[in-house]
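Below is one structure, written out as structure tokens; the observations come after it.
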Amino acid sequence: MNIRKITPILFTFVFLGISILYSQNKSVNYDELKAGPYSLPSIQTSQSGVIINNVQDWEEFRKPEILYSFTNHVYGRVPGVLDSMLVKITEQNGTYLNGTAKRKQVMLTFVKNGKELSVDLLIYLPISMEKAPVFLGYNFQGNHTIADDRNIFITKSWVPINSEIGVESNFAVEKSRGSMKTRWDIEKIIEAGYGLVTLYRGDIDPDKDDLSDGIHQLFYTKEQEKPKPDEWGTIAAWSWGLSRVMDFLETDQDIDHEKVIVFGHSRLGKASLWAAATDSRFAGCISNNSGAMGAALSRRDFGETVEVINKAFPYWFCDNFKKYSNKEYMLPVDQHMLISLIAPRPVYLASATEDLWADPKGEFLSAKEASVVYNLYGIPGLSSLKMPEPDSPIIGVVSYHLRTGIHDVTDYDWEQYIKFAKYNNF
Ligand code: GCU
């Protein structure tokens, strides 16, 4: 055979082989037998070696240490405060679900250094309640994608191309209205007496490797183009955004602001945990399939690793975090400590059987390990120390379930979240 003819074919095969190997993430471990051994930093031992065994010492010494480590080594510090936040009610008295729900839309405008950024909130509230407890969480593709409701305003922010929902350029389109509705069981939420407050993640910070836009740029000094090494990445920016929504919710007479449960799926579940850890006004937190740098332990080598997440999504974290790629053992914290920062407030971590990338067992173990801090408060942690069977939720102050199925948010998940909210008197 002519060598000149087969060379390109050979190249193609080698290239294909490498691509397949790469895309299957051969370096990522899915073998339980290879997931350890590892040793976690102790939640209850302070940096100076003192054992922390009461709430006062926890709150005064250990909790601030852990918070500092996550802030400066993982998610990044928020560089300042806004000059002001303007509130504009863009729709006041809409109705939905045959009049059982009230719809409001609100635009928040952040002002800093002479620059502005606006975000749109979509709010559904049960008509039957005078002051409703609410679930608050980001959506992935724009408010208009969460329901077949033609009154929802379409975001003007950058959106990722997604032909499955009709988005062919970086502008949101009418065609994708309602396309993500299976992730938001609004009917069940309203029927159970809860409201829903949601906003598009990209209104706060577009999910792309470019920190020159979104909320980051409002805080830059004249010559600055990117955050300093210990300053916020995109996840911290999203969490910060949830706190600004909370600022508004505290002023809204229709909402019981003492019962705001912050919710998020996947990358947005990482943001919901960090929001609850940094802002005690969130009364509870739900993190659905949040995986690496969310609920899953980093030192357990299973599924997505620090190196992989740093390569694929470097902008999610502060620059300081880059040095921990392949060096999880050097991290001053692990993710069970993130959960412990939420104590004594109720927290729900959820996994899915086919979502091995997010390491369901690592997510469960975080809930289990964090339980010691709940115990300091005299509150029971996770009521079972054994990983439950699929679809056998453990509901309590610390809750966990492993749903059968893929990485997603389903009606089943929402049924459990509502039970969790009821159990905790929200
Ligand atoms: C990627 C990423 C995960 C993230 C997920 C998501 O898979 O690696 O860390 O949770 O996207 O947000 O859907």
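Ordered as shown in the structure tokens, chains take letters A, B, and onward, while each chain numbers its residues from 1 and ligands are numbered from 1 in the order shown.
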
Check range 79-196 of chain A with DSSP on the backbone and list each residue it calls helix (DSSP H, G or I), as a ChimeraX atom specification.
/A:143-145,163-165,174-176,181-183,186-191

Kindly export the residues of the current selection with C-alpha atoms, as a compact mmCIF listing (two decimals), in the first residue's frame.
```
# COMPACT_ATOMS: atom_id res chain seq x y z
CA ASN A 143 -36.24 33.01 33.39
CA HIS A 144 -38.47 32.41 30.36
CA THR A 145 -37.22 28.82 30.06
CA SER A 163 -29.51 24.32 19.69
CA GLU A 164 -31.64 21.85 21.66
CA ILE A 165 -33.59 24.80 23.02
CA GLU A 174 -38.73 33.09 22.34
CA LYS A 175 -38.40 29.55 21.05
CA SER A 176 -36.83 28.32 24.27
CA LYS A 181 -39.76 23.48 32.83
CA THR A 182 -39.18 19.87 33.89
CA ARG A 183 -36.59 21.18 36.34
CA ILE A 186 -43.85 25.14 40.14
CA GLU A 187 -47.26 23.55 40.55
CA LYS A 188 -46.16 21.37 43.44
CA ILE A 189 -44.24 24.22 45.05
CA ILE A 190 -47.25 26.56 44.92
CA GLU A 191 -49.69 23.87 46.01
```

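Every protein, DNA or RNA residue with an atom at most 12 Å from range 80-83 of chain A, where only C-alpha atoms count and chain neighbours fewer than 3 positions away do not, is listed here: Arg77, Leu86, Thr109, Phe110, Val111, Lys112, Asn113, Gly114, Lys115, Glu116, Leu117, Ile215, His216, Leu218, Phe219, Tyr220, Thr221, Pro227, Glu231, Trp232, Ala237, Trp240, Gly241, Ser243 and Arg244 of chain A.
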
Among the residues of range 118-365 of chain A, find those DSSP assigns to strand (DSSP E or B) from the backbone and print them as a VMD selection string.
chain A and resid 118 to 126 132 to 139 162 167 195 to 200 231 255 to 265 284 to 288 292 296 347 to 352

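Using only C-alpha atoms for every distance, the candidate list A:Asn288, A:Gln335, A:Ser157, A:Asn151 yields A:Asn288 as the residue closest to Tyr412 in chain A.
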
If you take only C-alpha atoms and all ligand atoms and a cut-off of 8 Å, which residues of chain A touch ligand 1, and what are their nearest atom pairs and distances in Å to one decimal, in chain and number order, as JSON lines?
```
{"residue": "A:His265", "atom": "CA", "partner": "ligand 1", "partner_atom_place_in_ligand_line": "12 (O)", "distance": 7.1}
{"residue": "A:Ser266", "atom": "CA", "partner": "ligand 1", "partner_atom_place_in_ligand_line": "10 (O)", "distance": 3.9}
{"residue": "A:Arg267", "atom": "CA", "partner": "ligand 1", "partner_atom_place_in_ligand_line": "12 (O)", "distance": 3.7}
{"residue": "A:Leu268", "atom": "CA", "partner": "ligand 1", "partner_atom_place_in_ligand_line": "12 (O)", "distance": 6.5}
{"residue": "A:Gly269", "atom": "CA", "partner": "ligand 1", "partner_atom_place_in_ligand_line": "10 (O)", "distance": 7.6}
{"residue": "A:Lys270", "atom": "CA", "partner": "ligand 1", "partner_atom_place_in_ligand_line": "10 (O)", "distance": 7.5}
{"residue": "A:Asn289", "atom": "CA", "partner": "ligand 1", "partner_atom_place_in_ligand_line": "10 (O)", "distance": 7.1}
{"residue": "A:Ser290", "atom": "CA", "partner": "ligand 1", "partner_atom_place_in_ligand_line": "10 (O)", "distance": 5.3}
{"residue": "A:Gly291", "atom": "CA", "partner": "ligand 1", "partner_atom_place_in_ligand_line": "10 (O)", "distance": 5.7}
{"residue": "A:Ala292", "atom": "CA", "partner": "ligand 1", "partner_atom_place_in_ligand_line": "9 (O)", "distance": 5.4}
{"residue": "A:Met293", "atom": "CA", "partner": "ligand 1", "partner_atom_place_in_ligand_line": "9 (O)", "distance": 7.3}
{"residue": "A:Gly294", "atom": "CA", "partner": "ligand 1", "partner_atom_place_in_ligand_line": "10 (O)", "distance": 7.8}
{"residue": "A:Glu304", "atom": "CA", "partner": "ligand 1", "partner_atom_place_in_ligand_line": "8 (O)", "distance": 6.5}
{"residue": "A:Val308", "atom": "CA", "partner": "ligand 1", "partner_atom_place_in_ligand_line": "8 (O)", "distance": 7.6}
{"residue": "A:Ile309", "atom": "CA", "partner": "ligand 1", "partner_atom_place_in_ligand_line": "8 (O)", "distance": 5.8}
{"residue": "A:Ala312", "atom": "CA", "partner": "ligand 1", "partner_atom_place_in_ligand_line": "8 (O)", "distance": 7.1}
{"residue": "A:Phe313", "atom": "CA", "partner": "ligand 1", "partner_atom_place_in_ligand_line": "8 (O)", "distance": 7.6}
{"residue": "A:Trp357", "atom": "CA", "partner": "ligand 1", "partner_atom_place_in_ligand_line": "7 (O)", "distance": 7.2}
{"residue": "A:Ala358", "atom": "CA", "partner": "ligand 1", "partner_atom_place_in_ligand_line": "10 (O)", "distance": 7.0}
{"residue": "A:His407", "atom": "CA", "partner": "ligand 1", "partner_atom_place_in_ligand_line": "13 (O)", "distance": 7.7}
```

Taking only C-alpha atoms into account, which of A:Ser298, A:Ser366, A:Ser340, A:Ser371 comes nearest Ala35 in chain A?
A:Ser298

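What separates CA of Gly284 in chain A from CA of Phe263 in chain A is a distance of 8.6 Å.
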
CA of Lys228 in chain A sits from CA of Cys318 in chain A at a separation of 8.0 Å

If you measure from CA of Ser392 in chain A to CA of Ile261 in chain A, what distance in Å do you get, rounded to one decimal?
22.2 Å

Tell me which protein, DNA and RNA residues are within 9 Å of Gln217 in chain A, counting only C-alpha atoms, leaving out same-chain ones fewer than 5 positions away, and put them as a PyMOL selection string.
chain A and resi 115+211-212+224-227
